[in-house]
Amino acid sequence: MTMRHDITQHLRVASPAVGRGERMKRFLKAMILRRLARTPIGAVFLAVGWVLGRRRRRHVQRRHRHRPLTSRRR
């Protein structure tokens with residue numbers, strides 16, 4: 001598998017409930033991603049975005065994991 005095929009395959013995870021606008025949004029993201037991946041500076045931007053997104057997801061996961069379930073104040 002080539003890198004380009006890997007990337008587009010990842011973005012193609014569409015459910016039947018996904019609307020036409022959501023499909024267009026994913027398509028445009030894939031086109032931009034493919035275009036950026038062709039240039040060295042674009043690859044740097046993609047790598048930085050990937051690292052920042054990973055940190056953000058990890059932070060959100062930790063916040064949800066450590067949230068107490070029984071101590072709610074009214």
# chains A, B, ... in the order shown; residues from 1 in each chain; ligands from 1
$ residues_around --residues "region 45-52 of chain A" --least-positions-apart "6" --cutoff "10 Å" --atoms "only C-alpha atoms" --output "VMD selection string"
chain A and resid 33 36 to 37 39 58
$ atom_distance --atom1 "CA of Lys29 (chain A)" --atom2 "CA of Ala43 (chain A)"
14.7 Å
$ atom_distance --atom1 "CA of Ile32 (chain A)" --atom2 "CA of Val44 (chain A)"
14.0 Å
